[in-house]
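A.B. asks: Sending over my_file.pdb (PDB, C-alpha atoms).
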```
ATOM      1  CA  MET A  58     161.889 268.225  -4.035
ATOM      2  CA  GLY A  59     163.347 266.144  -6.791
ATOM      3  CA  ALA A  60     163.847 262.442  -6.570
ATOM      4  CA  TYR A  61     167.519 262.629  -5.757
ATOM      5  CA  GLU A  62     167.767 265.845  -3.781
ATOM      6  CA  SER A  63     167.641 263.938  -0.532
ATOM      7  CA  ILE A  64     170.756 262.102  -1.666
ATOM      8  CA  GLU A  65     172.448 265.474  -2.081
ATOM      9  CA  VAL A  66     171.433 266.387   1.463
ATOM     10  CA  SER A  67     173.050 263.214   2.768
ATOM     11  CA  ALA A  68     176.051 263.702   0.499
ATOM     12  CA  SER A  69     176.650 267.169   1.973
ATOM     13  CA  ALA A  70     176.816 265.510   5.373
ATOM     14  CA  LEU A  71     179.203 262.860   4.056
ATOM     15  CA  SER A  72     181.693 265.474   2.902
ATOM     16  CA  ALA A  73     181.261 267.493   6.092
ATOM     17  CA  GLU A  74     181.872 264.448   8.296
ATOM     18  CA  ARG A  75     184.823 263.435   6.157
ATOM     19  CA  LEU A  76     186.320 266.900   6.578
ATOM     20  CA  ALA A  77     185.782 266.551  10.321
ATOM     21  CA  MET A  78     187.602 263.215  10.241
ATOM     22  CA  ASP A  79     190.465 264.728   8.226
ATOM     23  CA  THR A  80     190.780 267.500  10.788
ATOM     24  CA  ILE A  81     190.817 264.988  13.639
ATOM     25  CA  ALA A  82     193.452 262.932  11.842
ATOM     26  CA  ASN A  83     195.533 266.091  11.454
ATOM     27  CA  ASN A  84     195.155 266.818  15.165
ATOM     28  CA  ILE A  85     196.321 263.329  16.095
ATOM     29  CA  ALA A  86     199.164 263.478  13.602
ATOM     30  CA  ASN A  87     200.356 266.732  15.151
ATOM     31  CA  ALA A  88     199.769 265.738  18.765
ATOM     32  CA  ASN A  89     203.458 266.292  19.540
ATOM     33  CA  THR A  90     204.341 269.032  17.059
ATOM     34  CA  THR A  91     206.110 271.863  18.804
ATOM     35  CA  ARG A  92     207.052 273.900  15.748
ATOM     36  CA  THR A  93     204.639 275.469  13.267
ATOM     37  CA  PRO A  94     205.113 278.110  10.537
ATOM     38  CA  GLU A  95     203.191 280.552  12.752
ATOM     39  CA  GLY A  96     205.571 279.820  15.592
ATOM     40  CA  GLY A  97     204.819 277.973  18.800
ATOM     41  CA  ALA A  98     203.144 274.640  19.268
ATOM     42  CA  PHE A  99     200.446 273.243  17.048
ATOM     43  CA  LYS A 100     196.908 274.267  18.023
ATOM     44  CA  ARG A 101     194.083 271.762  18.015
ATOM     45  CA  GLN A 102     191.646 272.458  15.186
ATOM     46  CA  LEU A 103     187.882 272.166  15.376
ATOM     47  CA  VAL A 104     185.303 272.110  12.598
ATOM     48  CA  VAL A 105     182.148 274.188  12.894
ATOM     49  CA  PHE A 106     179.052 272.539  11.447
ATOM     50  CA  ALA A 107     176.153 274.687  10.361
ATOM     51  CA  GLN A 108     172.923 274.041   8.598
ATOM     52  CA  LYS A 109     173.224 275.051   4.963
ATOM     53  CA  PRO A 110     171.434 278.290   4.172
ATOM     54  CA  ASP A 111     168.331 277.864   2.124
ATOM     55  CA  PRO A 112     169.245 278.590  -1.503
ATOM     56  CA  THR A 113     165.680 279.451  -2.513
ATOM     57  CA  THR A 114     165.076 282.284  -0.068
ATOM     58  CA  SER A 115     167.287 285.242   0.664
ATOM     59  CA  GLY A 116     168.435 285.685   4.221
ATOM     60  CA  GLY A 117     168.637 283.078   6.888
ATOM     61  CA  GLY A 118     166.017 280.428   6.509
ATOM     62  CA  THR A 119     167.543 278.426   9.287
ATOM     63  CA  THR A 120     166.014 278.450  12.707
ATOM     64  CA  SER A 121     169.018 277.275  14.608
ATOM     65  CA  ALA A 122     169.648 280.455  16.548
ATOM     66  CA  GLY A 123     166.714 280.723  18.889
ATOM     67  CA  PHE A 124     166.835 277.649  21.038
ATOM     68  CA  SER A 125     165.413 277.767  24.500
ATOM     69  CA  SER A 126     167.347 277.035  27.625
ATOM     70  CA  PHE A 127     167.249 273.713  29.373
ATOM     71  CA  GLY A 128     163.963 272.327  30.569
ATOM     72  CA  GLN A 129     162.025 275.055  28.881
ATOM     73  CA  MET A 130     159.432 273.693  26.545
ATOM     74  CA  GLY A 131     158.453 275.805  23.622
ATOM     75  CA  THR A 132     156.014 275.404  20.812
ATOM     76  CA  PRO A 133     156.850 274.730  17.179
ATOM     77  CA  ASP A 134     158.004 278.151  16.107
ATOM     78  CA  SER A 135     157.444 278.038  12.422
ATOM     79  CA  VAL A 136     155.394 276.138   9.929
ATOM     80  CA  MET A 137     156.727 276.147   6.418
ATOM     81  CA  ASN A 138     154.817 275.232   3.341
ATOM     82  CA  ASP A 139     155.861 272.802   0.681
ATOM     83  CA  ASP A 140     157.999 275.269  -1.235
ATOM     84  CA  SER A 141     160.340 276.079   1.606
ATOM     85  CA  ALA A 142     163.480 274.027   1.317
ATOM     86  CA  SER A 143     165.232 275.164   4.467
ATOM     87  CA  ALA A 144     164.269 271.966   6.263
ATOM     88  CA  ARG A 145     166.275 269.965   3.771
ATOM     89  CA  ALA A 146     169.233 272.022   2.665
ATOM     90  CA  GLY A 147     171.876 269.810   4.238
ATOM     91  CA  VAL A 148     174.905 270.660   6.299
ATOM     92  CA  GLU A 149     178.221 272.352   5.681
ATOM     93  CA  VAL A 150     181.439 273.118   7.516
ATOM     94  CA  THR A 151     181.505 276.909   7.746
ATOM     95  CA  GLN A 152     184.933 277.280   9.304
ATOM     96  CA  ILE A 153     187.777 275.487  10.995
ATOM     97  CA  VAL A 154     188.725 277.212  14.233
ATOM     98  CA  GLN A 155     191.672 276.803  16.565
ATOM     99  CA  ASP A 156     191.116 275.533  20.062
ATOM    100  CA  GLN A 157     192.326 278.357  22.324
ATOM    101  CA  SER A 158     192.774 276.225  25.404
ATOM    102  CA  PRO A 159     196.264 276.426  26.970
ATOM    103  CA  ASP A 160     199.171 274.336  25.723
ATOM    104  CA  ARG A 161     200.319 271.235  27.524
ATOM    105  CA  LEU A 162     203.479 272.137  29.459
ATOM    106  CA  VAL A 163     206.087 269.439  29.917
ATOM    107  CA  TYR A 164     209.323 269.963  31.822
ATOM    108  CA  GLU A 165     212.106 269.030  29.378
ATOM    109  CA  PRO A 166     215.084 271.342  29.915
ATOM    110  CA  GLY A 167     217.142 269.505  27.286
ATOM    111  CA  ASN A 168     214.615 270.112  24.515
ATOM    112  CA  PRO A 169     215.647 272.861  22.056
ATOM    113  CA  ASP A 170     212.079 274.213  22.175
ATOM    114  CA  ALA A 171     212.099 274.584  25.953
ATOM    115  CA  ASP A 172     211.375 278.056  27.322
ATOM    116  CA  GLY A 173     213.372 279.912  29.977
ATOM    117  CA  GLN A 174     212.104 277.735  32.799
ATOM    118  CA  GLY A 175     212.748 274.512  30.935
ATOM    119  CA  TYR A 176     209.128 273.882  29.934
ATOM    120  CA  VAL A 177     208.200 272.753  26.436
ATOM    121  CA  HIS A 178     204.846 273.897  25.013
ATOM    122  CA  TYR A 179     203.194 270.836  23.542
ATOM    123  CA  PRO A 180     199.950 271.084  21.501
ATOM    124  CA  ASN A 181     196.640 271.198  23.365
ATOM    125  CA  VAL A 182     195.605 267.991  21.605
ATOM    126  CA  GLU A 183     194.245 265.194  23.753
ATOM    127  CA  VAL A 184     194.404 262.011  21.750
ATOM    128  CA  VAL A 185     191.595 260.319  23.721
ATOM    129  CA  LYS A 186     189.278 263.258  23.011
ATOM    130  CA  GLU A 187     190.193 263.107  19.342
ATOM    131  CA  MET A 188     189.413 259.399  19.248
ATOM    132  CA  VAL A 189     185.970 260.006  20.735
ATOM    133  CA  ASP A 190     185.308 262.784  18.214
ATOM    134  CA  MET A 191     186.452 260.507  15.423
ATOM    135  CA  MET A 192     184.016 257.804  16.500
ATOM    136  CA  ALA A 193     181.185 260.344  16.544
ATOM    137  CA  ALA A 194     182.093 261.524  13.043
ATOM    138  CA  SER A 195     182.402 257.953  11.841
ATOM    139  CA  ARG A 196     178.980 256.954  13.192
ATOM    140  CA  ALA A 197     177.410 260.057  11.688
ATOM    141  CA  TYR A 198     178.985 259.141   8.368
ATOM    142  CA  GLU A 199     177.500 255.642   8.584
ATOM    143  CA  ALA A 200     174.061 257.024   9.409
ATOM    144  CA  ASN A 201     174.176 259.191   6.304
ATOM    145  CA  VAL A 202     175.307 256.274   4.169
ATOM    146  CA  THR A 203     172.234 254.381   5.386
ATOM    147  CA  ALA A 204     170.065 257.359   4.460
ATOM    148  CA  ILE A 205     171.505 257.307   0.950
ATOM    149  CA  GLN A 206     170.876 253.571   0.663
ATOM    150  CA  GLU A 207     167.260 254.059   1.697
ATOM    151  CA  ALA A 208     166.862 256.848  -0.850
ATOM    152  CA  ARG A 209     168.212 254.547  -3.526
ATOM    153  CA  THR A 210     165.825 251.791  -2.475
ATOM    154  CA  GLN A 211     162.952 254.236  -2.728
ATOM    155  CA  GLY A 212     164.104 255.377  -6.145
ATOM    156  CA  ASN A 213     164.301 251.788  -7.313
ATOM    157  CA  THR A 214     160.792 251.121  -6.034
ATOM    158  CA  THR A 215     159.519 254.059  -8.026
ATOM    159  CA  LEU A 216     161.412 253.019 -11.140
ATOM    160  CA  GLY A 217     160.091 249.490 -10.654
ATOM    161  CA  LEU A 218     156.617 250.767 -11.375
ATOM    162  CA  LEU A 219     157.553 250.843 -15.042
ATOM    163  CA  LYS A 220     158.245 247.123 -15.052
ATOM    164  CA  SER A 221     155.937 244.113 -14.972
TER     165      SER A 221
ATOM    166  CA  MET B  36     142.977 263.771  -6.580
ATOM    167  CA  GLY B  37     143.960 261.816  -9.560
ATOM    168  CA  ASP B  38     142.517 261.499 -12.919
ATOM    169  CA  LEU B  39     138.906 260.533 -12.471
ATOM    170  CA  SER B  40     138.931 258.290 -15.501
ATOM    171  CA  PHE B  41     141.443 256.061 -13.743
ATOM    172  CA  GLY B  42     139.748 256.326 -10.393
ATOM    173  CA  PRO B  43     140.838 258.229  -7.324
ATOM    174  CA  THR B  44     143.162 255.538  -5.970
ATOM    175  CA  ILE B  45     146.097 256.210  -8.257
ATOM    176  CA  GLY B  46     145.990 259.918  -7.529
ATOM    177  CA  MET B  47     145.930 259.264  -3.819
ATOM    178  CA  LEU B  48     148.792 256.798  -4.019
ATOM    179  CA  LYS B  49     150.727 259.340  -6.051
ATOM    180  CA  ASP B  50     150.230 261.934  -3.331
ATOM    181  CA  ALA B  51     151.299 259.423  -0.691
ATOM    182  CA  MET B  52     154.424 258.657  -2.725
ATOM    183  CA  HIS B  53     155.172 262.361  -2.960
ATOM    184  CA  GLY B  54     154.699 262.707   0.790
ATOM    185  CA  ALA B  55     157.024 259.784   1.481
ATOM    186  CA  SER B  56     159.690 261.337  -0.742
ATOM    187  CA  GLU B  57     159.403 264.679   1.070
ATOM    188  CA  THR B  58     159.562 262.903   4.412
ATOM    189  CA  HIS B  59     162.725 261.146   3.344
ATOM    190  CA  GLY B  60     164.341 264.457   2.412
ATOM    191  CA  VAL B  61     163.550 266.000   5.770
ATOM    192  CA  ILE B  62     164.734 262.957   7.740
ATOM    193  CA  ALA B  63     167.911 262.904   5.642
ATOM    194  CA  ASN B  64     168.447 266.539   6.563
ATOM    195  CA  ASN B  65     167.937 265.767  10.251
ATOM    196  CA  ILE B  66     170.518 262.992  10.017
ATOM    197  CA  ALA B  67     172.867 265.221   8.016
ATOM    198  CA  ASN B  68     172.806 267.743  10.852
ATOM    199  CA  ILE B  69     173.494 265.254  13.642
ATOM    200  CA  ASN B  70     176.618 267.127  14.683
ATOM    201  CA  THR B  71     175.326 270.653  14.105
ATOM    202  CA  PRO B  72     174.998 272.542  17.381
ATOM    203  CA  ASN B  73     171.653 274.240  18.060
ATOM    204  CA  PHE B  74     170.040 272.425  15.153
ATOM    205  CA  ARG B  75     166.293 271.888  15.404
ATOM    206  CA  ARG B  76     164.892 268.818  13.749
ATOM    207  CA  SER B  77     161.988 269.076  11.333
ATOM    208  CA  ASP B  78     158.932 266.942  10.929
ATOM    209  CA  VAL B  79     156.727 266.338   7.927
ATOM    210  CA  SER B  80     153.031 265.770   8.158
ATOM    211  CA  PHE B  81     151.160 264.778   5.069
ATOM    212  CA  LYS B  82     148.860 262.003   6.203
ATOM    213  CA  GLU B  83     146.294 264.504   7.451
ATOM    214  CA  ALA B  84     146.578 266.357   4.162
ATOM    215  CA  LEU B  85     146.204 263.056   2.348
ATOM    216  CA  ALA B  86     143.023 262.301   4.247
ATOM    217  CA  ALA B  87     141.725 265.751   3.341
ATOM    218  CA  THR B  88     142.125 265.034  -0.368
ATOM    219  CA  GLU B  89     139.670 262.225  -0.002
ATOM    220  CA  PRO B  90     136.123 263.245  -0.840
ATOM    221  CA  SER B  91     134.262 263.717   2.388
ATOM    222  CA  ASP B  92     130.856 262.552   1.289
ATOM    223  CA  GLY B  93     129.108 261.171  -1.718
ATOM    224  CA  ASP B  94     130.252 258.594  -4.208
ATOM    225  CA  PRO B  95     133.891 259.277  -5.109
ATOM    226  CA  ASN B  96     133.360 257.875  -8.581
ATOM    227  CA  GLU B  97     130.589 260.291  -9.328
ATOM    228  CA  LEU B  98     131.599 263.442 -11.122
ATOM    229  CA  ALA B  99     130.925 266.601  -9.174
ATOM    230  CA  LEU B 100     129.446 269.705 -10.650
ATOM    231  CA  VAL B 101     131.790 272.606 -10.341
ATOM    232  CA  THR B 102     130.354 275.438  -8.305
ATOM    233  CA  THR B 103     131.737 278.878  -8.953
ATOM    234  CA  ASP B 104     129.353 280.786  -6.734
ATOM    235  CA  ASP B 105     128.099 280.287  -3.206
ATOM    236  CA  ARG B 106     124.517 280.360  -4.373
ATOM    237  CA  MET B 107     124.992 277.396  -6.678
ATOM    238  CA  ILE B 108     123.822 274.066  -5.377
ATOM    239  CA  PRO B 109     126.619 271.471  -5.297
ATOM    240  CA  ILE B 110     125.666 268.161  -6.858
ATOM    241  CA  GLY B 111     127.390 264.810  -6.693
ATOM    242  CA  GLY B 112     130.745 263.398  -5.775
ATOM    243  CA  ALA B 113     133.715 265.046  -4.339
ATOM    244  CA  GLN B 114     133.068 268.214  -2.437
ATOM    245  CA  ASP B 115     135.471 270.268  -0.402
ATOM    246  CA  VAL B 116     138.449 268.455  -1.785
ATOM    247  CA  GLN B 117     141.564 270.117  -0.486
ATOM    248  CA  PRO B 118     144.632 270.240  -2.697
ATOM    249  CA  PHE B 119     147.342 267.960  -1.366
ATOM    250  CA  GLN B 120     150.006 269.831   0.563
ATOM    251  CA  VAL B 121     152.961 268.687   2.567
ATOM    252  CA  THR B 122     153.748 270.748   5.644
ATOM    253  CA  THR B 123     157.124 270.827   7.316
ATOM    254  CA  THR B 124     157.262 271.774  10.977
ATOM    255  CA  VAL B 125     160.347 272.673  12.953
ATOM    256  CA  ASP B 126     160.261 270.767  16.217
ATOM    257  CA  SER B 127     161.474 273.030  19.005
ATOM    258  CA  THR B 128     159.593 271.362  21.820
ATOM    259  CA  THR B 129     162.233 268.909  22.867
ATOM    260  CA  GLN B 130     165.608 269.565  24.334
ATOM    261  CA  MET B 131     167.791 266.573  24.799
ATOM    262  CA  ARG B 132     171.393 267.427  24.086
ATOM    263  CA  VAL B 133     173.947 269.657  25.697
ATOM    264  CA  ASP B 134     174.796 271.335  22.399
ATOM    265  CA  GLY B 135     171.238 272.552  21.924
ATOM    266  CA  SER B 136     170.358 270.098  19.184
ATOM    267  CA  ASN B 137     167.326 267.875  19.516
ATOM    268  CA  VAL B 138     168.211 265.225  16.942
ATOM    269  CA  ASP B 139     168.100 261.681  18.267
ATOM    270  CA  VAL B 140     169.889 259.539  15.728
ATOM    271  CA  ASP B 141     168.122 256.346  16.781
ATOM    272  CA  GLN B 142     164.741 257.946  16.364
ATOM    273  CA  GLU B 143     165.672 259.362  12.991
ATOM    274  CA  MET B 144     166.990 256.023  11.745
ATOM    275  CA  ALA B 145     163.794 254.305  12.892
ATOM    276  CA  LYS B 146     161.724 256.935  11.101
ATOM    277  CA  LEU B 147     163.871 256.564   7.998
ATOM    278  CA  SER B 148     163.332 252.817   7.957
ATOM    279  CA  LEU B 149     159.603 253.188   8.613
ATOM    280  CA  ASN B 150     159.240 255.749   5.841
ATOM    281  CA  SER B 151     161.107 253.484   3.457
ATOM    282  CA  SER B 152     158.763 250.596   4.187
ATOM    283  CA  TYR B 153     155.784 252.902   3.767
ATOM    284  CA  GLN B 154     157.063 254.111   0.414
ATOM    285  CA  GLN B 155     157.640 250.554  -0.767
ATOM    286  CA  THR B 156     154.138 249.572   0.302
ATOM    287  CA  ILE B 157     152.696 252.464  -1.663
ATOM    288  CA  GLY B 158     154.879 251.422  -4.600
ATOM    289  CA  GLN B 159     153.503 247.890  -4.515
ATOM    290  CA  LEU B 160     149.929 249.169  -4.350
ATOM    291  CA  LEU B 161     150.565 251.455  -7.306
ATOM    292  CA  GLN B 162     152.025 248.577  -9.229
ATOM    293  CA  VAL B 163     148.887 246.534  -8.585
ATOM    294  CA  GLN B 164     146.786 249.441  -9.823
ATOM    295  CA  TYR B 165     148.826 249.766 -13.008
ATOM    296  CA  THR B 166     148.729 246.024 -13.610
ATOM    297  CA  ARG B 167     144.949 246.122 -13.355
ATOM    298  CA  LEU B 168     144.766 249.019 -15.770
ATOM    299  CA  ARG B 169     147.023 247.209 -18.203
ATOM    300  CA  GLN B 170     144.916 244.089 -17.953
ATOM    301  CA  ALA B 171     141.814 246.114 -18.652
ATOM    302  CA  ILE B 172     143.434 247.768 -21.643
ATOM    303  CA  GLN B 173     144.789 244.524 -23.085
ATOM    304  CA  GLU B 174     141.617 242.567 -22.341
ATOM    305  CA  GLN B 175     143.540 240.017 -20.366
ATOM    306  CA  SER B 176     141.652 237.713 -18.101
TER     307      SER B 176
END
```
Kindly transcribe the structure held in the file into structure tokens.
C.D. replies:
Amino acid sequence: MGAYESIEVSASALSAERLAMDTIANNIANANTTRTPEGGAFKRQLVVFAQKPDPTTSGGGTTSAGFSSFGQMGTPDSVMNDDSASARAGVEVTQIVQDQSPDRLVYEPGNPDADGQGYVHYPNVEVVKEMVDMMAASRAYEANVTAIQEARTQGNTTLGLLKS
Amino acid sequence: MGDLSFGPTIGMLKDAMHGASETHGVIANNIANINTPNFRRSDVSFKEALAATEPSDGDPNELALVTTDDRMIPIGGAQDVQPFQVTTTVDSTTQMRVDGSNVDVDQEMAKLSLNSSYQQTIGQLLQVQYTRLRQAIQEQS
């Protein structure tokens, strides 16, 4: 692992968390949007985080799939040697999916978007939930910034060996 | 093991530095995947490997005779010196979150900070070693 690869790992998380925050901002912005190009109310969007696949080996180097159920203690399932980089490949957003939960129905017979019974389909966005998600993304972002700062400190320590 | 002409300390410190850098990468990856469902955190162990690079018996400053056959009699210094290797282990023993991930951000941040201090300590020790070498080369008092 090179001196600054760990910064790239943290940087991948920074962009992923930022994308998550952008998505949340879009959800909040469209919390009351009843018309979309696809027709119908806006659907809440969710980002899907996944561990980045290991670029050095073909196939899935990640071990995220086989997790045991609650309360079940396993043993460390794999030991990798120094060359394996799957433990430090970073994170990525693999897709942005739509939340399929039902729309919020509000009785507004005067609204032009009301259906036959006078109900308007509002987006399934809950602003409080979005705020909580945004805080989680924000804290994760901060944690990764700290990791980058520590990496820089370590790099400076190493470079400092040339001085004095 | 380092260059014997400069003593074993620098080589060992170099290995420790390498280990600290690897540890940082793995902790950074754990933190990067805070929000990844079903993610399993990884651990690095190199301190055992570091201890194994130390010569087990004999004077470490004494040059060892290389033995290429079992019937040869080993003489002097470092025997059974293992090459330094960093091992990364996926920790699947703990389960603490509903989404299947076992990353605890507080723990990871503490480890990050600890590893940083460790690396800086090693850096200072290396600097002392280099200063001594320089003094010896320049005949400073």
A.B. asks: Once the PyMOL selection byres ((chain A and resi 203-210) around 9) has been evaluated on this model, what residues remain selected, and can you format them as a PDB file with C-alpha atoms, keeping the file's coordinate frame?
C.D. replies:
```pdb
ATOM      1  CA  ALA A  60     163.847 262.442  -6.570  1.00  0.00           C
ATOM      2  CA  TYR A  61     167.519 262.629  -5.757  1.00  0.00           C
ATOM      3  CA  SER A  63     167.641 263.938  -0.532  1.00  0.00           C
ATOM      4  CA  ILE A  64     170.756 262.102  -1.666  1.00  0.00           C
ATOM      5  CA  GLU A  65     172.448 265.474  -2.081  1.00  0.00           C
ATOM      6  CA  SER A  67     173.050 263.214   2.768  1.00  0.00           C
ATOM      7  CA  ALA A  68     176.051 263.702   0.499  1.00  0.00           C
ATOM      8  CA  TYR A 198     178.985 259.141   8.368  1.00  0.00           C
ATOM      9  CA  GLU A 199     177.500 255.642   8.584  1.00  0.00           C
ATOM     10  CA  ALA A 200     174.061 257.024   9.409  1.00  0.00           C
ATOM     11  CA  ASN A 201     174.176 259.191   6.304  1.00  0.00           C
ATOM     12  CA  VAL A 202     175.307 256.274   4.169  1.00  0.00           C
ATOM     13  CA  GLN A 211     162.952 254.236  -2.728  1.00  0.00           C
ATOM     14  CA  GLY A 212     164.104 255.377  -6.145  1.00  0.00           C
ATOM     15  CA  ASN A 213     164.301 251.788  -7.313  1.00  0.00           C
ATOM     16  CA  THR A 214     160.792 251.121  -6.034  1.00  0.00           C
ATOM     17  CA  THR A 215     159.519 254.059  -8.026  1.00  0.00           C
TER      18      THR A 215
ATOM     19  CA  SER B  56     159.690 261.337  -0.742  1.00  0.00           C
ATOM     20  CA  HIS B  59     162.725 261.146   3.344  1.00  0.00           C
ATOM     21  CA  GLY B  60     164.341 264.457   2.412  1.00  0.00           C
ATOM     22  CA  ILE B  62     164.734 262.957   7.740  1.00  0.00           C
ATOM     23  CA  ALA B  63     167.911 262.904   5.642  1.00  0.00           C
ATOM     24  CA  ILE B  66     170.518 262.992  10.017  1.00  0.00           C
ATOM     25  CA  MET B 144     166.990 256.023  11.745  1.00  0.00           C
ATOM     26  CA  LEU B 147     163.871 256.564   7.998  1.00  0.00           C
ATOM     27  CA  SER B 148     163.332 252.817   7.957  1.00  0.00           C
ATOM     28  CA  SER B 151     161.107 253.484   3.457  1.00  0.00           C
ATOM     29  CA  GLN B 155     157.640 250.554  -0.767  1.00  0.00           C
TER      30      GLN B 155
END
```
A.B. asks: Counting all atoms listed in the file, which residues of chain B come no farther than 6 Å from chain A, as a ChimeraX atom specification?
C.D. replies: /B:60-61,63-64,67-68,71,73-74,121-128,162
A.B. asks: In Å, rounded to a single decimal, give me how far atom CA of B:Phe81 is from atom CA of B:Asn65.
C.D. replies: 17.6 Å
A.B. asks: I need every residue sitting at most 9 Å from the point (201.9, 272.4, 18.3) (coordinates as in the file, only C-alpha atoms considered), written as a PyMOL selection string.
C.D. replies: chain A and resi 87-93+96-101+160+178-182
A.B. asks: Please measure the separation of atom CA of B:Glu57 and atom CA of B:Gly42, giving the value in Å to one decimal.
C.D. replies: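 Computing it gives 24.2 Å between the two atoms.
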A.B. asks: What does the distance from atom CA of A:Arg161 to atom CA of A:Glu183 come to in Å, to one decimal?
C.D. replies: 9.4 Å
A.B. asks: Complete the atoms of stretch 136-149 of chain B to N, CA, C and O atoms and put them out as a PDB file, in the coordinates of the input.
C.D. replies:
```pdb
ATOM      1  N   SER B 136     171.039 270.802  20.268  1.00  0.00           N
ATOM      2  CA  SER B 136     170.358 270.098  19.184  1.00  0.00           C
ATOM      3  C   SER B 136     169.333 269.135  19.765  1.00  0.00           C
ATOM      4  O   SER B 136     169.474 268.671  20.889  1.00  0.00           O
ATOM      5  N   ASN B 137     168.293 268.848  19.016  1.00  0.00           N
ATOM      6  CA  ASN B 137     167.326 267.875  19.516  1.00  0.00           C
ATOM      7  C   ASN B 137     167.180 266.684  18.569  1.00  0.00           C
ATOM      8  O   ASN B 137     166.124 266.078  18.467  1.00  0.00           O
ATOM      9  N   VAL B 138     168.245 266.373  17.838  1.00  0.00           N
ATOM     10  CA  VAL B 138     168.211 265.225  16.942  1.00  0.00           C
ATOM     11  C   VAL B 138     168.618 263.971  17.715  1.00  0.00           C
ATOM     12  O   VAL B 138     169.676 263.936  18.334  1.00  0.00           O
ATOM     13  N   ASP B 139     167.762 262.979  17.694  1.00  0.00           N
ATOM     14  CA  ASP B 139     168.100 261.681  18.267  1.00  0.00           C
ATOM     15  C   ASP B 139     168.327 260.728  17.100  1.00  0.00           C
ATOM     16  O   ASP B 139     167.397 260.417  16.362  1.00  0.00           O
ATOM     17  N   VAL B 140     169.556 260.299  16.933  1.00  0.00           N
ATOM     18  CA  VAL B 140     169.889 259.539  15.728  1.00  0.00           C
ATOM     19  C   VAL B 140     169.112 258.228  15.662  1.00  0.00           C
ATOM     20  O   VAL B 140     168.682 257.810  14.585  1.00  0.00           O
ATOM     21  N   ASP B 141     168.873 257.604  16.801  1.00  0.00           N
ATOM     22  CA  ASP B 141     168.122 256.346  16.781  1.00  0.00           C
ATOM     23  C   ASP B 141     166.703 256.562  16.281  1.00  0.00           C
ATOM     24  O   ASP B 141     166.191 255.796  15.468  1.00  0.00           O
ATOM     25  N   GLN B 142     166.099 257.628  16.793  1.00  0.00           N
ATOM     26  CA  GLN B 142     164.741 257.946  16.364  1.00  0.00           C
ATOM     27  C   GLN B 142     164.695 258.231  14.875  1.00  0.00           C
ATOM     28  O   GLN B 142     163.794 257.767  14.161  1.00  0.00           O
ATOM     29  N   GLU B 143     165.675 258.996  14.405  1.00  0.00           N
ATOM     30  CA  GLU B 143     165.672 259.362  12.991  1.00  0.00           C
ATOM     31  C   GLU B 143     165.869 258.128  12.110  1.00  0.00           C
ATOM     32  O   GLU B 143     165.242 257.999  11.062  1.00  0.00           O
ATOM     33  N   MET B 144     166.754 257.222  12.544  1.00  0.00           N
ATOM     34  CA  MET B 144     166.990 256.023  11.745  1.00  0.00           C
ATOM     35  C   MET B 144     165.739 255.164  11.712  1.00  0.00           C
ATOM     36  O   MET B 144     165.393 254.583  10.678  1.00  0.00           O
ATOM     37  N   ALA B 145     165.035 255.086  12.858  1.00  0.00           N
ATOM     38  CA  ALA B 145     163.794 254.305  12.892  1.00  0.00           C
ATOM     39  C   ALA B 145     162.766 254.916  11.953  1.00  0.00           C
ATOM     40  O   ALA B 145     162.101 254.208  11.188  1.00  0.00           O
ATOM     41  N   LYS B 146     162.682 256.250  11.975  1.00  0.00           N
ATOM     42  CA  LYS B 146     161.724 256.935  11.101  1.00  0.00           C
ATOM     43  C   LYS B 146     162.084 256.728   9.640  1.00  0.00           C
ATOM     44  O   LYS B 146     161.215 256.557   8.780  1.00  0.00           O
ATOM     45  N   LEU B 147     163.395 256.763   9.372  1.00  0.00           N
ATOM     46  CA  LEU B 147     163.871 256.564   7.998  1.00  0.00           C
ATOM     47  C   LEU B 147     163.446 255.196   7.484  1.00  0.00           C
ATOM     48  O   LEU B 147     162.926 255.052   6.377  1.00  0.00           O
ATOM     49  N   SER B 148     163.661 254.185   8.347  1.00  0.00           N
ATOM     50  CA  SER B 148     163.332 252.817   7.957  1.00  0.00           C
ATOM     51  C   SER B 148     161.819 252.652   7.772  1.00  0.00           C
ATOM     52  O   SER B 148     161.352 252.045   6.807  1.00  0.00           O
ATOM     53  N   LEU B 149     161.066 253.258   8.694  1.00  0.00           N
ATOM     54  CA  LEU B 149     159.603 253.188   8.613  1.00  0.00           C
ATOM     55  C   LEU B 149     159.104 253.844   7.336  1.00  0.00           C
ATOM     56  O   LEU B 149     158.261 253.296   6.613  1.00  0.00           O
TER      57      LEU B 149
END
```
